Amino acid sequence: MLLQWCTLTPAGPSKLSAIRFSSPSRVHSIKIFPTDAQPFGQCPDIIARTEPEAFFLDVYFNAHPVGSPADAKQKLKAPNALMPTVIPYAGGIVEYAVNMGSEFATRLMIVRGDFETVSMAIYGDVVSETPPKSITYSPLSLPTHSSIPLVPALDAAKSNDPTALARNLLALIPDAPSLFLVIRLMFCLKQPNDDWELPEFPHLYSDLNKEEMDIDLDTAFRCLSRPVVDDISSEQLHRFARKVSEAVGPRDDAQSYLIAGILSRSASQTPEFTQALMQALELETIFDPSTLDEDALFTLLDASTNPDISRLLKSSWFLNVLRAVLALPTVTPEMKKACRRLSDRVGSWTVFEQALSGAPDADYSRAAQFLKDIGKEEKSFGIWLSCITTHEDLLAKIRDAPAYEGMYPLDLMSGLDPSEEITHSEFMAFVRAYVGVASVLAVYAWSDSLPNLHCRERTLGVLRLWQEIPGYRAIISPLLLLPQMTFRLECMTSGNDPPTTAGINAESLLFALAANPQSFLNPDFVRCVRGWEPFSLTWINERERADIERAAKLADEGVGGAVEELVGFAKEGHDAILDQGRIRTLRIAVAVIMHTLEDNTESGTKRGDWTVLEAVWGEHTHGLLNYAIDVFSRISVEVKQGFSLTPSPSPTIDLESLLLVTNESLHFITSLHALSITTSRAVRTLVSGVLDMYSCADAASHESVTNSAVRDAALLVKHACANVLYVFSRCSQDQPKGSSSVVLRTLFEQGLHFDDIDPTRKLLSAFDLVLRVLADDGDSLPAGWMPIVIPQILTPLTLFFRHLEPVNKVQLVQRLASLDQGVLGLGEFLVQGEVKRLAGLLKVMAERGLVTQWEVGAGLEFVAGLIEGEDSDWCISALHQSEWGTIMTGLLEASLYSKHLGTIAGRLAENPESLWIELKLPVVAVLLRGVQVQESSICRMNAFGLISAVLETTDEKDRDPERLLWEVGHALGAVVESNDNLSSLDSESVVNTLLLLDSPSQSDLHGIASEQWLKLCTHLERTLPPNMLHMLPIIKGFHPSPSPLPTISLLPSTLTLSLYDLISLLQPPAPLPSTPPPKRKSPSQDVLGLVAISPPTAVLRSPAVTGLTKTYTRNDFRELRQLPSARQNTSRLPSMHVDDFLQVEMSSSPLVQPVAPSGDMLNLSPSFNMGKENGYI
């Protein structure tokens, strides 16, 4: 709501203005209007007045605590505290967001600045002093994620002409050249400063006909420093190409470089020019391994960005030349980089064209990485952009691409495989967005070079908008790191007093780049941010500037500084302070080391590893991987606090930053794994933290999370968690073989260890990671892996397995059985263990009730899931050797049934010869019980066919006709009652079943009424084949005996409990009563407790306690016991005087026998009872 509208005029020498609110208010935003603007359409008489056009405003809010007086004292110690902020106003209608939080409001707003007048509207909410507490529960719906689409004019991803926005921006400049010429001048053919002063500029072109005589290669190279006019004739182009071809001489380094330079400068010209050169030059006679130096290779790398040149260089002869260069003993690491990148680029152009065409086997991920690679150098980037906008065949593919239905283009620049397959329309939307962003960057560079303030301001505004949109952000960020772009933004951030809109936009773009640690690997960007003076920026505050400067200094220090930062943070342990600035430095330290390690693959050497090791040794330490794990553990603790089940303070660090640093630290640990040897303790610490992070990331990636950046970061963390465990679980020759067992054991144990986070999510996360570790992807697991690892983790594996849901149990057992291949019989072991557990549950099911029934149903679902799988023979074999028959019989006796039980019985009945007699009759009874309840899966199968097949394999003496006929009768009664025409009934199987159960002693068919039996017999007469009609009299000999169908209960598939029952189940069992242990005597009560002498063997011989001990020799002890005084009872009560004790002792005689009390001796307590067994009777 609108809190206040005012036009302020400063007063006094301090130039202060103040606004007082009538009640405590929470300000959300401040909107400033320029002069003559009408803020409110319904009030045209209100006109704004703001002078001058640009200035700084210092705004102070009086901090007013919200809540009870006690809370207010805690929140705010000093009265009249002011919360300051700075507003840089650069003109126009601008709204500034104010985040006051929920704990404070304000009653006073003070404004100070170099302004004459300022008109502003203040928006927010009025806050009551003591907000009422709600006493009723009102359910809230989960927030829904909704994105705001871009207007069509700014959404290049959905435009048939992605360069339209750039051309419209370029039209803001009077007499502007064409976009194609701007691209060449800004990125490909940079003109000297003198040419900018000429009146003909920018229309200065190369005159390919000024030299009528023959020219040499150096002249041709210098001639192409300017662009070729677009309407040049084909004859002129071919004539120049022939002259270049005639100038070619014997092979040498200089000639190779000049030819590469000519190709590079022609690559951005008209397509005809490049094709003419390709036809005239015999490159096979020019380039060979001895003439290709580093400069020539990198120049050819730029030239190969042209599709025509790339096709020519893709020839086998040139690729062989590159391989020969790599094999030279004098090759440098930089030459190796160039050769590898050049070979990859000529191959990637073909992949990119296939992706543009939407070929069925197109590799869209590699095509996107091709665009990322060409964006690393200005010239390659400019050549590609010039080609994509001038080659008609490429333009047609972009123009005719299928419509894209998504909100924003996908982020295909991160290099991670997307969760779903990329479609052609998604890739083309990404290409269109890339072309649109690149074209606008060319316009920005041109408008800044002139300069044209209006065009530059509008262009920077578009770039800033794209920087805040997913998809576009991934494209624009690496392109802004091109040297000239960084330099232009640096110039825009200096001298912004008063503030300008272009300067504010430039600072915003650089601040967004500073959020990505990869930006600090660019020396131009580091130089730019280190050049900022304190308090010189308008949009970036001083604290943020200082944090960015510290991060840039760390990047400047290189690997040594990065290692020092990581090791220092790790040594601080859990006491290390983690804030936004520290996270930035940690991310940059990781990025610097990772960039050094990646030098191994680019240069083909191990110098990156060696550089990192030297830096570690320079810190007088070792074991960088262990320190990296400690850093990760500290970060994981911070992340877990945001997902705690108990109330915790509001986090001070945004979740996206924590997730991003988690992702990068995990990739860093993965990279160090091959270089280090870790202990089992470190691996356990890592796996425990990875499991916690996977659980938290899984919660943060849910669709209900409204912040898309957080969801994307969470998905990166999940991928990194799975990848690091996969790497650590794959044993190498340098790693101990126990690493796999440590990883799996920790997952099994920690998956059941619930420490203040969602236990269900953690268990499912552990299960997901276990499947990733056990991924059966060819040769990743070494031979003999299962027999070595599984026996070490069998106990935690079994315990973890029992806590899983049935569906997850099936997946885990199937994966283990597939890896085992019957060597250990692990699948059979787990199945038989589950069967044994079910048998135990059946024994106590009557006492425990519904919960145990649900557990039994879940166990049946697990077995049914396994037995329905493709390779289930081993499972059936395991059931044969288990107590499965007992389980089926127990469920039948308890009148319980489950659809999964019927599925298992049907699968077992398919091969009746392999069944033991203990299983055959229960299988038949279960199938009949399924027919009785008309379970859908039993109805779909030929139940009576399976029943008769099983009975045929049994001996007549083993059958139980009375019991089975009872089941058959009720089954037939259920079939007749539920089906009008009995069309689904297999008459032959029914007859065979009845014949197999025919017994002279038992002819009653219970459960079927007479009319039902008549209907069934009529159906049999009509449907039986002729060769079986003679059996009908035998069938009709059965006597129907109506009896009610017994109550058969279905095992519950879901469990619904009241809160009271749930609490009762979660209560720990009451401890059993036991006798407490005796209290330990104090030293004053124990004679030996007074003896504190060492060694122990000298306790009884110590001279310090001669009054309490005596040393006996030979038979002294036996002789002393013969004295009468030694046999006397000297046990007196502590309360009895010595004289009284002696008198009692003297009056007693050993010859006097005690007299037993009168009464029945057998009525004493049990411990004193006398019986024959004690020898008394």
# chains A, B, ... in the order shown; residues from 1 in each chain; ligands from 1
call {"tool": "select_by_dssp", "arguments": {"residues": "stretch 137-270 of chain A", "states": "alpha helix (DSSP H)", "output": "PyMOL selection string"}}
result
chain A and resi 164-170+179-183+193-196+217-223+234-246+253-266
call {"tool": "residues_around", "arguments": {"residues": "A:Ser657", "least_positions_apart": "5", "cutoff": "12 Å", "atoms": "only C-alpha atoms", "output": "ChimeraX atom specification"}}
result
/A:515-517,578-587,635,638-639,651-652,662-664,709-714,717
call {"tool": "write_last_selection", "arguments": {"atoms": "C-alpha atoms", "output": "mmCIF file, in the first residue's frame"}}
result
data_model
loop_
_atom_site.group_PDB
_atom_site.id
_atom_site.type_symbol
_atom_site.label_atom_id
_atom_site.label_comp_id
_atom_site.auth_asym_id
_atom_site.auth_seq_id
_atom_site.Cartn_x
_atom_site.Cartn_y
_atom_site.Cartn_z
ATOM 1 C CA ALA A 515 29.136 -14.161 -8.061
ATOM 2 C CA ASN A 516 30.692 -16.788 -10.359
ATOM 3 C CA PRO A 517 34.167 -17.934 -9.258
ATOM 4 C CA LEU A 578 31.286 -19.016 7.415
ATOM 5 C CA ASP A 579 29.735 -15.903 5.911
ATOM 6 C CA GLN A 580 29.019 -14.637 2.419
ATOM 7 C CA GLY A 581 32.523 -13.251 1.946
ATOM 8 C CA ARG A 582 34.206 -16.434 3.181
ATOM 9 C CA ILE A 583 32.083 -18.525 0.834
ATOM 10 C CA ARG A 584 33.221 -16.381 -2.078
ATOM 11 C CA THR A 585 36.888 -16.855 -1.216
ATOM 12 C CA LEU A 586 36.436 -20.600 -0.742
ATOM 13 C CA ARG A 587 34.765 -20.933 -4.127
ATOM 14 C CA ILE A 635 29.948 -26.480 4.796
ATOM 15 C CA GLU A 638 25.863 -25.057 7.686
ATOM 16 C CA VAL A 639 23.581 -26.421 4.990
ATOM 17 C CA PRO A 651 20.307 -18.470 8.218
ATOM 18 C CA THR A 652 22.582 -15.542 7.462
ATOM 19 C CA THR A 662 28.948 -27.555 -1.893
ATOM 20 C CA ASN A 663 28.768 -28.553 -5.549
ATOM 21 C CA GLU A 664 32.176 -27.083 -6.339
ATOM 22 C CA ALA A 709 18.160 -20.574 -8.818
ATOM 23 C CA VAL A 710 18.028 -22.639 -5.610
ATOM 24 C CA ARG A 711 16.384 -25.535 -7.439
ATOM 25 C CA ASP A 712 19.035 -25.483 -10.157
ATOM 26 C CA ALA A 713 21.842 -25.376 -7.582
ATOM 27 C CA ALA A 714 20.248 -28.276 -5.696
ATOM 28 C CA VAL A 717 24.587 -30.830 -5.796
#
call {"tool": "closest_residue", "arguments": {"among": "A:Gly561, A:Pro152, A:Gly608, A:Gly495", "to": "A:Trp532", "atoms": "only C-alpha atoms"}}
result
A:Gly495
call {"tool": "atom_distance", "arguments": {"atom1": "atom CA of A:Phe61", "atom2": "atom CA of A:Ile87"}}
result
13.1 Å
call {"tool": "residues_around", "arguments": {"residues": "A:Gly751", "least_positions_apart": "6", "cutoff": "9 Å", "atoms": "only C-alpha atoms", "output": "ChimeraX atom specification"}}
result
/A:688,691,759,762-767,800
call {"tool": "write_last_selection", "arguments": {"atoms": "N, CA and C atoms", "output": "mmCIF file, in the first residue's frame"}}
result
data_model
loop_
_atom_site.group_PDB
_atom_site.id
_atom_site.type_symbol
_atom_site.label_atom_id
_atom_site.label_comp_id
_atom_site.auth_asym_id
_atom_site.auth_seq_id
_atom_site.Cartn_x
_atom_site.Cartn_y
_atom_site.Cartn_z
ATOM 1 N N SER A 688 29.313 -39.609 4.815
ATOM 2 C CA SER A 688 28.266 -39.141 5.719
ATOM 3 C C SER A 688 27.799 -37.742 5.333
ATOM 4 N N LEU A 691 25.788 -37.860 2.026
ATOM 5 C CA LEU A 691 24.412 -38.317 2.221
ATOM 6 C C LEU A 691 23.531 -37.197 2.767
ATOM 7 N N PRO A 759 13.822 -38.170 8.377
ATOM 8 C CA PRO A 759 14.355 -39.546 8.313
ATOM 9 C C PRO A 759 13.939 -40.276 7.051
ATOM 10 N N LYS A 762 16.036 -39.047 4.173
ATOM 11 C CA LYS A 762 17.422 -39.495 4.287
ATOM 12 C C LYS A 762 17.551 -40.958 3.902
ATOM 13 N N LEU A 763 16.597 -41.779 4.308
ATOM 14 C CA LEU A 763 16.631 -43.192 3.939
ATOM 15 C C LEU A 763 16.507 -43.356 2.422
ATOM 16 N N LEU A 764 15.594 -42.623 1.817
ATOM 17 C CA LEU A 764 15.441 -42.706 0.358
ATOM 18 C C LEU A 764 16.678 -42.168 -0.353
ATOM 19 N N SER A 765 17.303 -41.137 0.196
ATOM 20 C CA SER A 765 18.532 -40.602 -0.401
ATOM 21 C C SER A 765 19.653 -41.630 -0.334
ATOM 22 N N ALA A 766 19.764 -42.298 0.808
ATOM 23 C CA ALA A 766 20.779 -43.348 0.927
ATOM 24 C C ALA A 766 20.528 -44.460 -0.080
ATOM 25 N N PHE A 767 19.288 -44.836 -0.238
ATOM 26 C CA PHE A 767 18.941 -45.875 -1.216
ATOM 27 C C PHE A 767 19.306 -45.432 -2.634
ATOM 28 N N PHE A 800 19.830 -52.394 6.589
ATOM 29 C CA PHE A 800 19.360 -51.322 5.711
ATOM 30 C C PHE A 800 18.252 -51.834 4.794
#
call {"tool": "residues_around", "arguments": {"residues": "stretch 160-177 of chain A", "least_positions_apart": "4", "cutoff": "10 Å", "atoms": "only C-alpha atoms", "output": "ChimeraX atom specification"}}
result
/A:152-156,181-182,201-203,389,395-403,429,431-444,446-447,450-456,458-459,462
call {"tool": "closest_residue", "arguments": {"among": "A:Asp758, A:Pro24, A:Leu715, A:Tyr627", "to": "A:His702", "atoms": "only C-alpha atoms"}}
result
A:Leu715
call {"tool": "atom_distance", "arguments": {"atom1": "atom CA of A:Gln38", "atom2": "atom CA of A:Ala18"}}
result
22.9 Å
call {"tool": "atom_distance", "arguments": {"atom1": "atom CA of A:Pro88", "atom2": "atom CA of A:Leu537"}}
result
9.8 Å
call {"tool": "residues_around", "arguments": {"residues": "A:Met941", "least_positions_apart": "6", "cutoff": "12 Å", "atoms": "only C-alpha atoms", "output": "list of chain:residue names"}}
result
A:Gly902, A:Thr903, A:Ala905, A:Gly906, A:Arg907, A:Ala909, A:Glu910, A:Leu927, A:Gly930, A:Val931, A:Gln934, A:Glu935, A:Ile947, A:Ser984, A:Leu985, A:Asp986
